[in-house]
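Source file: my_file_22.cif. Holds: mmCIF, N, CA, C and O atoms.
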```
data_structure
loop_
_atom_site.label_atom_id
_atom_site.label_comp_id
_atom_site.auth_asym_id
_atom_site.auth_seq_id
_atom_site.Cartn_x
_atom_site.Cartn_y
_atom_site.Cartn_z
N MET A 1 108.61 110.79 104.31
CA MET A 1 107.90 109.80 103.55
C MET A 1 106.56 109.55 104.25
O MET A 1 106.48 109.45 105.46
N HIS A 2 105.51 109.47 103.46
CA HIS A 2 104.17 109.22 103.98
C HIS A 2 103.66 107.88 103.46
O HIS A 2 103.91 107.53 102.32
N ALA A 3 102.95 107.16 104.30
CA ALA A 3 102.29 105.92 103.87
C ALA A 3 100.95 106.29 103.25
O ALA A 3 100.25 107.18 103.73
N VAL A 4 100.60 105.61 102.17
CA VAL A 4 99.32 105.81 101.51
C VAL A 4 98.23 105.18 102.38
O VAL A 4 98.46 104.15 103.03
N ALA A 5 97.06 105.78 102.43
CA ALA A 5 95.94 105.20 103.19
C ALA A 5 95.65 103.79 102.67
O ALA A 5 95.72 103.56 101.46
N PRO A 6 95.33 102.85 103.54
CA PRO A 6 95.10 101.46 103.10
C PRO A 6 93.93 101.35 102.13
O PRO A 6 92.91 102.02 102.29
N HIS A 7 94.09 100.50 101.13
CA HIS A 7 93.02 100.21 100.18
C HIS A 7 91.96 99.34 100.84
O HIS A 7 92.19 98.77 101.92
N ASP A 8 90.81 99.20 100.21
CA ASP A 8 89.71 98.40 100.76
C ASP A 8 90.10 96.96 101.05
O ASP A 8 89.65 96.37 102.02
N ARG A 9 90.94 96.38 100.21
CA ARG A 9 91.32 94.97 100.38
C ARG A 9 92.75 94.82 100.89
O ARG A 9 93.41 93.82 100.64
N ALA A 10 93.21 95.80 101.65
CA ALA A 10 94.58 95.77 102.17
C ALA A 10 94.75 94.65 103.19
O ALA A 10 93.84 94.35 103.97
N PHE A 11 95.92 94.07 103.19
CA PHE A 11 96.30 93.01 104.14
C PHE A 11 96.44 93.61 105.52
O PHE A 11 97.06 94.66 105.70
N ARG A 12 95.85 92.96 106.51
CA ARG A 12 95.94 93.44 107.89
C ARG A 12 97.11 92.76 108.59
O ARG A 12 97.16 91.53 108.68
N VAL A 13 98.03 93.55 109.10
CA VAL A 13 99.21 93.05 109.80
C VAL A 13 98.80 92.65 111.21
O VAL A 13 97.98 93.31 111.85
N ARG A 14 99.37 91.57 111.72
CA ARG A 14 99.09 91.15 113.11
C ARG A 14 100.03 91.92 114.04
O ARG A 14 101.14 91.48 114.35
N TRP A 15 99.59 93.10 114.47
CA TRP A 15 100.39 93.93 115.37
C TRP A 15 100.30 93.38 116.78
O TRP A 15 99.24 92.92 117.20
N SER A 16 101.39 93.44 117.53
CA SER A 16 101.38 93.03 118.93
C SER A 16 102.10 94.08 119.76
O SER A 16 102.86 94.90 119.23
N VAL A 17 101.87 94.06 121.04
CA VAL A 17 102.52 95.00 121.95
C VAL A 17 104.01 94.69 121.97
O VAL A 17 104.41 93.52 122.01
N ALA A 18 104.83 95.72 121.92
CA ALA A 18 106.28 95.54 121.95
C ALA A 18 106.68 94.83 123.24
O ALA A 18 106.23 95.20 124.32
N ASP A 19 107.53 93.80 123.11
CA ASP A 19 107.90 93.01 124.29
C ASP A 19 109.35 93.18 124.71
O ASP A 19 109.84 92.46 125.57
N GLY A 20 110.07 94.12 124.11
CA GLY A 20 111.46 94.35 124.50
C GLY A 20 112.37 93.20 124.12
O GLY A 20 113.30 92.87 124.85
N ARG A 21 112.10 92.59 123.00
CA ARG A 21 112.83 91.40 122.54
C ARG A 21 114.33 91.67 122.39
O ARG A 21 115.14 90.79 122.60
N SER A 22 114.69 92.87 121.99
CA SER A 22 116.10 93.22 121.81
C SER A 22 116.35 94.59 122.40
O SER A 22 115.54 95.50 122.24
N THR A 23 117.47 94.74 123.08
CA THR A 23 117.80 96.03 123.68
C THR A 23 118.43 96.97 122.67
O THR A 23 118.42 98.18 122.87
N LEU A 24 118.99 96.42 121.60
CA LEU A 24 119.59 97.24 120.55
C LEU A 24 118.76 97.13 119.28
O LEU A 24 118.75 96.09 118.62
N VAL A 25 118.07 98.21 118.96
CA VAL A 25 117.22 98.25 117.77
C VAL A 25 117.64 99.44 116.93
O VAL A 25 117.83 100.54 117.45
N ARG A 26 117.78 99.21 115.65
CA ARG A 26 118.15 100.29 114.73
C ARG A 26 116.95 100.61 113.84
O ARG A 26 116.38 99.72 113.22
N VAL A 27 116.57 101.89 113.80
CA VAL A 27 115.51 102.35 112.91
C VAL A 27 116.15 102.64 111.57
O VAL A 27 117.01 103.51 111.45
N ARG A 28 115.74 101.89 110.54
CA ARG A 28 116.32 102.02 109.19
C ARG A 28 115.61 103.09 108.37
O ARG A 28 116.23 103.81 107.61
N GLU A 29 114.29 103.14 108.48
CA GLU A 29 113.48 104.13 107.76
C GLU A 29 112.26 104.43 108.62
O GLU A 29 111.91 103.65 109.51
N HIS A 30 111.59 105.53 108.34
CA HIS A 30 110.38 105.87 109.07
C HIS A 30 109.50 106.75 108.20
O HIS A 30 109.96 107.40 107.26
N THR A 31 108.22 106.76 108.54
CA THR A 31 107.30 107.66 107.86
C THR A 31 107.25 108.97 108.63
O THR A 31 107.70 109.06 109.78
N CYS A 32 106.70 109.98 108.01
CA CYS A 32 106.60 111.31 108.59
C CYS A 32 105.68 111.30 109.82
O CYS A 32 104.65 110.63 109.83
N MET A 33 106.03 112.07 110.83
CA MET A 33 105.23 112.12 112.05
C MET A 33 104.06 113.09 111.96
O MET A 33 103.35 113.29 112.92
N CYS A 34 103.83 113.67 110.79
CA CYS A 34 102.73 114.62 110.64
C CYS A 34 101.40 113.89 110.42
O CYS A 34 100.34 114.51 110.50
N THR A 35 101.45 112.60 110.12
CA THR A 35 100.25 111.81 109.86
C THR A 35 100.33 110.50 110.62
O THR A 35 101.37 109.83 110.58
N TYR A 36 99.26 110.12 111.28
CA TYR A 36 99.24 108.85 112.02
C TYR A 36 98.41 107.83 111.28
O TYR A 36 97.47 108.20 110.58
N PRO A 37 98.76 106.56 111.39
CA PRO A 37 99.84 106.02 112.20
C PRO A 37 101.21 106.31 111.59
O PRO A 37 101.36 106.49 110.40
N VAL A 38 102.22 106.33 112.48
CA VAL A 38 103.61 106.48 112.09
C VAL A 38 104.22 105.08 112.08
O VAL A 38 103.93 104.27 112.96
N TYR A 39 105.04 104.80 111.09
CA TYR A 39 105.69 103.49 110.98
C TYR A 39 107.20 103.65 110.97
O TYR A 39 107.73 104.64 110.46
N GLU A 40 107.90 102.64 111.53
CA GLU A 40 109.36 102.58 111.50
C GLU A 40 109.78 101.20 111.03
O GLU A 40 109.28 100.20 111.55
N LEU A 41 110.69 101.15 110.10
CA LEU A 41 111.31 99.91 109.67
C LEU A 41 112.53 99.71 110.56
O LEU A 41 113.44 100.54 110.56
N CYS A 42 112.56 98.63 111.33
CA CYS A 42 113.59 98.42 112.34
C CYS A 42 114.31 97.09 112.16
O CYS A 42 113.79 96.16 111.55
N SER A 43 115.50 97.01 112.75
CA SER A 43 116.22 95.75 112.79
C SER A 43 116.87 95.60 114.15
O SER A 43 117.21 96.59 114.80
N GLY A 44 117.00 94.37 114.58
CA GLY A 44 117.62 94.08 115.86
C GLY A 44 117.69 92.58 116.08
O GLY A 44 116.80 91.84 115.66
N GLY A 45 118.76 92.13 116.69
CA GLY A 45 118.88 90.71 116.99
C GLY A 45 118.91 89.83 115.75
O GLY A 45 118.47 88.67 115.80
N GLY A 46 119.39 90.35 114.62
CA GLY A 46 119.48 89.57 113.40
C GLY A 46 118.20 89.47 112.60
O GLY A 46 118.16 88.81 111.57
N LEU A 47 117.13 90.11 113.06
CA LEU A 47 115.86 90.10 112.35
C LEU A 47 115.37 91.53 112.12
O LEU A 47 115.94 92.47 112.66
N SER A 48 114.32 91.65 111.36
CA SER A 48 113.71 92.97 111.10
C SER A 48 112.24 92.94 111.47
O SER A 48 111.62 91.88 111.52
N PHE A 49 111.69 94.12 111.71
CA PHE A 49 110.27 94.25 112.06
C PHE A 49 109.84 95.68 111.80
O PHE A 49 110.67 96.55 111.52
N ILE A 50 108.56 95.92 111.90
CA ILE A 50 108.02 97.26 111.70
C ILE A 50 107.31 97.69 112.98
O ILE A 50 106.52 96.92 113.54
N ARG A 51 107.61 98.88 113.42
CA ARG A 51 106.90 99.46 114.56
C ARG A 51 105.77 100.33 114.03
O ARG A 51 105.91 100.99 113.00
N GLN A 52 104.69 100.35 114.78
CA GLN A 52 103.56 101.21 114.45
C GLN A 52 103.21 102.02 115.69
O GLN A 52 103.05 101.47 116.78
N TYR A 53 103.11 103.32 115.51
CA TYR A 53 102.62 104.22 116.56
C TYR A 53 101.26 104.70 116.07
O TYR A 53 101.17 105.60 115.24
N PRO A 54 100.17 104.08 116.55
CA PRO A 54 98.85 104.34 115.98
C PRO A 54 98.27 105.71 116.30
O PRO A 54 97.44 106.21 115.54
N PHE A 55 98.69 106.33 117.40
CA PHE A 55 98.07 107.59 117.82
C PHE A 55 99.13 108.59 118.23
O PHE A 55 100.24 108.22 118.60
N GLU A 56 98.77 109.85 118.22
CA GLU A 56 99.67 110.89 118.66
C GLU A 56 100.05 110.65 120.11
O GLU A 56 99.25 110.21 120.91
N GLY A 57 101.29 110.93 120.46
CA GLY A 57 101.78 110.70 121.81
C GLY A 57 102.80 109.58 121.84
O GLY A 57 103.63 109.51 122.73
N LEU A 58 102.74 108.68 120.87
CA LEU A 58 103.73 107.63 120.68
C LEU A 58 103.91 106.69 121.86
O LEU A 58 104.91 106.01 121.95
N ASP A 59 102.96 106.61 122.77
CA ASP A 59 103.14 105.72 123.91
C ASP A 59 102.44 104.37 123.72
O ASP A 59 102.53 103.52 124.58
N GLU A 60 101.79 104.15 122.60
CA GLU A 60 101.15 102.87 122.32
C GLU A 60 101.84 102.21 121.14
O GLU A 60 101.23 101.98 120.11
N MET A 61 103.10 101.89 121.30
CA MET A 61 103.86 101.29 120.21
C MET A 61 103.47 99.82 120.02
O MET A 61 103.30 99.08 120.98
N ARG A 62 103.33 99.43 118.75
CA ARG A 62 103.06 98.04 118.40
C ARG A 62 104.16 97.57 117.45
O ARG A 62 104.83 98.38 116.83
N GLU A 63 104.30 96.25 117.33
CA GLU A 63 105.31 95.70 116.43
C GLU A 63 104.70 94.63 115.54
O GLU A 63 103.83 93.88 115.98
N SER A 64 105.22 94.55 114.32
CA SER A 64 104.86 93.45 113.43
C SER A 64 105.63 92.21 113.91
O SER A 64 106.53 92.32 114.75
N PRO A 65 105.32 91.05 113.36
CA PRO A 65 106.17 89.89 113.66
C PRO A 65 107.62 90.17 113.24
O PRO A 65 107.86 90.89 112.27
N TRP A 66 108.57 89.59 113.96
CA TRP A 66 109.98 89.72 113.61
C TRP A 66 110.28 88.69 112.52
O TRP A 66 109.97 87.50 112.68
N MET A 67 110.88 89.15 111.43
CA MET A 67 111.08 88.28 110.27
C MET A 67 112.44 88.55 109.63
O MET A 67 113.14 89.48 110.03
N ARG A 68 112.76 87.76 108.61
CA ARG A 68 113.97 88.01 107.83
C ARG A 68 113.85 89.38 107.16
O ARG A 68 112.75 89.86 106.88
N ALA A 69 114.98 90.00 106.91
CA ALA A 69 115.00 91.36 106.38
C ALA A 69 114.23 91.50 105.08
O ALA A 69 113.48 92.47 104.90
N GLN A 70 114.37 90.57 104.16
CA GLN A 70 113.70 90.68 102.86
C GLN A 70 112.18 90.63 103.02
O GLN A 70 111.46 91.37 102.37
N VAL A 71 111.69 89.75 103.87
CA VAL A 71 110.24 89.63 104.09
C VAL A 71 109.71 90.91 104.73
O VAL A 71 108.65 91.42 104.36
N THR A 72 110.45 91.44 105.69
CA THR A 72 110.03 92.68 106.35
C THR A 72 110.05 93.85 105.37
O THR A 72 109.15 94.69 105.38
N ARG A 73 111.04 93.90 104.50
CA ARG A 73 111.13 94.96 103.50
C ARG A 73 109.92 94.92 102.56
O ARG A 73 109.35 95.95 102.21
N GLU A 74 109.48 93.71 102.19
CA GLU A 74 108.29 93.57 101.34
C GLU A 74 107.05 94.07 102.06
O GLU A 74 106.22 94.77 101.48
N LEU A 75 106.93 93.74 103.35
CA LEU A 75 105.80 94.24 104.14
C LEU A 75 105.86 95.76 104.24
O LEU A 75 104.84 96.44 104.12
N TRP A 76 107.05 96.30 104.45
CA TRP A 76 107.24 97.75 104.53
C TRP A 76 106.72 98.44 103.26
O TRP A 76 105.98 99.42 103.33
N MET A 77 107.08 97.89 102.11
CA MET A 77 106.63 98.47 100.85
C MET A 77 105.11 98.35 100.70
O MET A 77 104.47 99.27 100.17
N ARG A 78 104.53 97.26 101.18
CA ARG A 78 103.08 97.10 101.11
C ARG A 78 102.38 98.14 101.99
O ARG A 78 101.35 98.69 101.61
N ILE A 79 102.94 98.42 103.16
CA ILE A 79 102.37 99.45 104.04
C ILE A 79 102.46 100.82 103.37
O ILE A 79 101.50 101.58 103.36
N LEU A 80 103.61 101.14 102.83
CA LEU A 80 103.81 102.45 102.20
C LEU A 80 102.89 102.67 101.01
O LEU A 80 102.49 103.81 100.73
N THR A 81 102.52 101.60 100.30
CA THR A 81 101.69 101.73 99.11
C THR A 81 100.22 101.46 99.38
O THR A 81 99.42 101.39 98.45
N GLY A 82 99.83 101.27 100.64
CA GLY A 82 98.43 101.09 100.99
C GLY A 82 97.93 99.68 100.80
O GLY A 82 96.73 99.43 100.86
N GLN A 83 98.82 98.73 100.59
CA GLN A 83 98.44 97.33 100.40
C GLN A 83 98.38 96.55 101.71
O GLN A 83 97.97 95.40 101.73
N ALA A 84 98.83 97.16 102.79
CA ALA A 84 98.79 96.54 104.11
C ALA A 84 98.63 97.64 105.15
O ALA A 84 98.96 98.79 104.91
N TRP A 85 98.12 97.27 106.31
CA TRP A 85 97.99 98.24 107.41
C TRP A 85 98.01 97.53 108.75
O TRP A 85 97.84 96.39 108.91
#
```

Exercise: express the given structure as structure tokens:
Amino acid sequence: MHAVAPHDRAFRVRWSVADGRSTLVRVREHTCMCTYPVYELCSGGGLSFIRQYPFEGLDEMRESPWMRAQVTRELWMRILTGQAW
């Protein structure tokens, strides 16, 4: 699955450096690694979030705010359709 390039008026997500909030994280879905940034829809500790790997090498991982699953799923769909980045 590939994310569409963000539109001109796309919502900007407040990405932050991963802080190791939960030791058990499950990746539910992910975008293809052939195009950057790569995104992962994740869950852990009763909440959901999205990881972003902005550059090749995957060592600069960022995370969206941790939110309820439904809110995170909506953000996930916005990223995939170019409405958020």

All residues 7 Å or closer to Ala18 in chain A, only C-alpha atoms, same chain fewer than 4 positions away omitted, as an NGL selection string: :A and (61-63)

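With only N, CA, C and O atoms as the atoms that count, the residue of A:Thr81, A:Thr31, A:Thr72, A:Ser22 with the shortest distance to Gly44 in chain A is A:Ser22.
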
DSSP strand (DSSP E) selection over chain A, as a compact mmCIF listing (two decimals) with N, CA, C and O atoms, in the coordinates of the input:
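After the write, selection-v9.txt holds the following:
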```
# COMPACT_ATOMS: atom_id res chain seq x y z
N SER A 16 101.39 93.44 117.53
CA SER A 16 101.38 93.03 118.93
C SER A 16 102.10 94.08 119.76
O SER A 16 102.86 94.90 119.23
N VAL A 17 101.87 94.06 121.04
CA VAL A 17 102.52 95.00 121.95
C VAL A 17 104.01 94.69 121.97
O VAL A 17 104.41 93.52 122.01
N ARG A 26 117.78 99.21 115.65
CA ARG A 26 118.15 100.29 114.73
C ARG A 26 116.95 100.61 113.84
O ARG A 26 116.38 99.72 113.22
N VAL A 27 116.57 101.89 113.80
CA VAL A 27 115.51 102.35 112.91
C VAL A 27 116.15 102.64 111.57
O VAL A 27 117.01 103.51 111.45
N ARG A 28 115.74 101.89 110.54
CA ARG A 28 116.32 102.02 109.19
C ARG A 28 115.61 103.09 108.37
O ARG A 28 116.23 103.81 107.61
N GLU A 29 114.29 103.14 108.48
CA GLU A 29 113.48 104.13 107.76
C GLU A 29 112.26 104.43 108.62
O GLU A 29 111.91 103.65 109.51
N HIS A 30 111.59 105.53 108.34
CA HIS A 30 110.38 105.87 109.07
C HIS A 30 109.50 106.75 108.20
O HIS A 30 109.96 107.40 107.26
N VAL A 38 102.22 106.33 112.48
CA VAL A 38 103.61 106.48 112.09
C VAL A 38 104.22 105.08 112.08
O VAL A 38 103.93 104.27 112.96
N TYR A 39 105.04 104.80 111.09
CA TYR A 39 105.69 103.49 110.98
C TYR A 39 107.20 103.65 110.97
O TYR A 39 107.73 104.64 110.46
N GLU A 40 107.90 102.64 111.53
CA GLU A 40 109.36 102.58 111.50
C GLU A 40 109.78 101.20 111.03
O GLU A 40 109.28 100.20 111.55
N LEU A 41 110.69 101.15 110.10
CA LEU A 41 111.31 99.91 109.67
C LEU A 41 112.53 99.71 110.56
O LEU A 41 113.44 100.54 110.56
N CYS A 42 112.56 98.63 111.33
CA CYS A 42 113.59 98.42 112.34
C CYS A 42 114.31 97.09 112.16
O CYS A 42 113.79 96.16 111.55
N SER A 43 115.50 97.01 112.75
CA SER A 43 116.22 95.75 112.79
C SER A 43 116.87 95.60 114.15
O SER A 43 117.21 96.59 114.80
N GLY A 44 117.00 94.37 114.58
CA GLY A 44 117.62 94.08 115.86
C GLY A 44 117.69 92.58 116.08
O GLY A 44 116.80 91.84 115.66
N LEU A 47 117.13 90.11 113.06
CA LEU A 47 115.86 90.10 112.35
C LEU A 47 115.37 91.53 112.12
O LEU A 47 115.94 92.47 112.66
N SER A 48 114.32 91.65 111.36
CA SER A 48 113.71 92.97 111.10
C SER A 48 112.24 92.94 111.47
O SER A 48 111.62 91.88 111.52
N PHE A 49 111.69 94.12 111.71
CA PHE A 49 110.27 94.25 112.06
C PHE A 49 109.84 95.68 111.80
O PHE A 49 110.67 96.55 111.52
N ILE A 50 108.56 95.92 111.90
CA ILE A 50 108.02 97.26 111.70
C ILE A 50 107.31 97.69 112.98
O ILE A 50 106.52 96.92 113.54
N ARG A 51 107.61 98.88 113.42
CA ARG A 51 106.90 99.46 114.56
C ARG A 51 105.77 100.33 114.03
O ARG A 51 105.91 100.99 113.00
N GLN A 52 104.69 100.35 114.78
CA GLN A 52 103.56 101.21 114.45
C GLN A 52 103.21 102.02 115.69
O GLN A 52 103.05 101.47 116.78
N TYR A 53 103.11 103.32 115.51
CA TYR A 53 102.62 104.22 116.56
C TYR A 53 101.26 104.70 116.07
O TYR A 53 101.17 105.60 115.24
N ARG A 62 103.33 99.43 118.75
CA ARG A 62 103.06 98.04 118.40
C ARG A 62 104.16 97.57 117.45
O ARG A 62 104.83 98.38 116.83
N GLU A 63 104.30 96.25 117.33
CA GLU A 63 105.31 95.70 116.43
C GLU A 63 104.70 94.63 115.54
O GLU A 63 103.83 93.88 115.98
```

Selection result for the PyMOL selection byres ((chain A and resi 50-55) around 6) on this file, as a ChimeraX atom specification: /A:36-42,48-49,56-65

d(atom N of Arg9 in chain A, atom C of Glu74 in chain A) in Å: 16.4 Å

Residues of chain A in helix (DSSP H, G or I), written as a list in words: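 Here are the helix (DSSP H, G or I) residues of chain A: Ala69, Gln70, Val71, Thr72, Arg73, Glu74, Leu75, Trp76, Met77, Arg78, Ile79 and Leu80 of chain A.
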
Export of the given selection (N, CA, C and O atoms) as a CSV table (one decimal), in the coordinates of the input:
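Saved as part_17.csv:
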```
chain,number,residue,atom,x,y,z
A,69,ALA,N,115.0,90.0,106.9
A,69,ALA,CA,115.0,91.4,106.4
A,69,ALA,C,114.2,91.5,105.1
A,69,ALA,O,113.5,92.5,104.9
A,70,GLN,N,114.4,90.6,104.2
A,70,GLN,CA,113.7,90.7,102.9
A,70,GLN,C,112.2,90.6,103.0
A,70,GLN,O,111.5,91.4,102.4
A,71,VAL,N,111.7,89.8,103.9
A,71,VAL,CA,110.2,89.6,104.1
A,71,VAL,C,109.7,90.9,104.7
A,71,VAL,O,108.6,91.4,104.4
A,72,THR,N,110.4,91.4,105.7
A,72,THR,CA,110.0,92.7,106.4
A,72,THR,C,110.0,93.8,105.4
A,72,THR,O,109.2,94.7,105.4
A,73,ARG,N,111.0,93.9,104.5
A,73,ARG,CA,111.1,95.0,103.5
A,73,ARG,C,109.9,94.9,102.6
A,73,ARG,O,109.4,96.0,102.2
A,74,GLU,N,109.5,93.7,102.2
A,74,GLU,CA,108.3,93.6,101.3
A,74,GLU,C,107.0,94.1,102.1
A,74,GLU,O,106.2,94.8,101.5
A,75,LEU,N,106.9,93.7,103.4
A,75,LEU,CA,105.8,94.2,104.1
A,75,LEU,C,105.9,95.8,104.2
A,75,LEU,O,104.8,96.4,104.1
A,76,TRP,N,107.0,96.3,104.4
A,76,TRP,CA,107.2,97.8,104.5
A,76,TRP,C,106.7,98.4,103.3
A,76,TRP,O,106.0,99.4,103.3
A,77,MET,N,107.1,97.9,102.1
A,77,MET,CA,106.6,98.5,100.8
A,77,MET,C,105.1,98.4,100.7
A,77,MET,O,104.5,99.3,100.2
A,78,ARG,N,104.5,97.3,101.2
A,78,ARG,CA,103.1,97.1,101.1
A,78,ARG,C,102.4,98.1,102.0
A,78,ARG,O,101.4,98.7,101.6
A,79,ILE,N,102.9,98.4,103.2
A,79,ILE,CA,102.4,99.4,104.0
A,79,ILE,C,102.5,100.8,103.4
A,79,ILE,O,101.5,101.6,103.4
A,80,LEU,N,103.6,101.1,102.8
A,80,LEU,CA,103.8,102.4,102.2
A,80,LEU,C,102.9,102.7,101.0
A,80,LEU,O,102.5,103.8,100.7
```

One-decimal distance in Å that lies between CA of Thr35 in chain A and CA of Val4 in chain A: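 Value for the CA of Val4 in chain A-CA of Thr35 in chain A distance: 10.3 Å.
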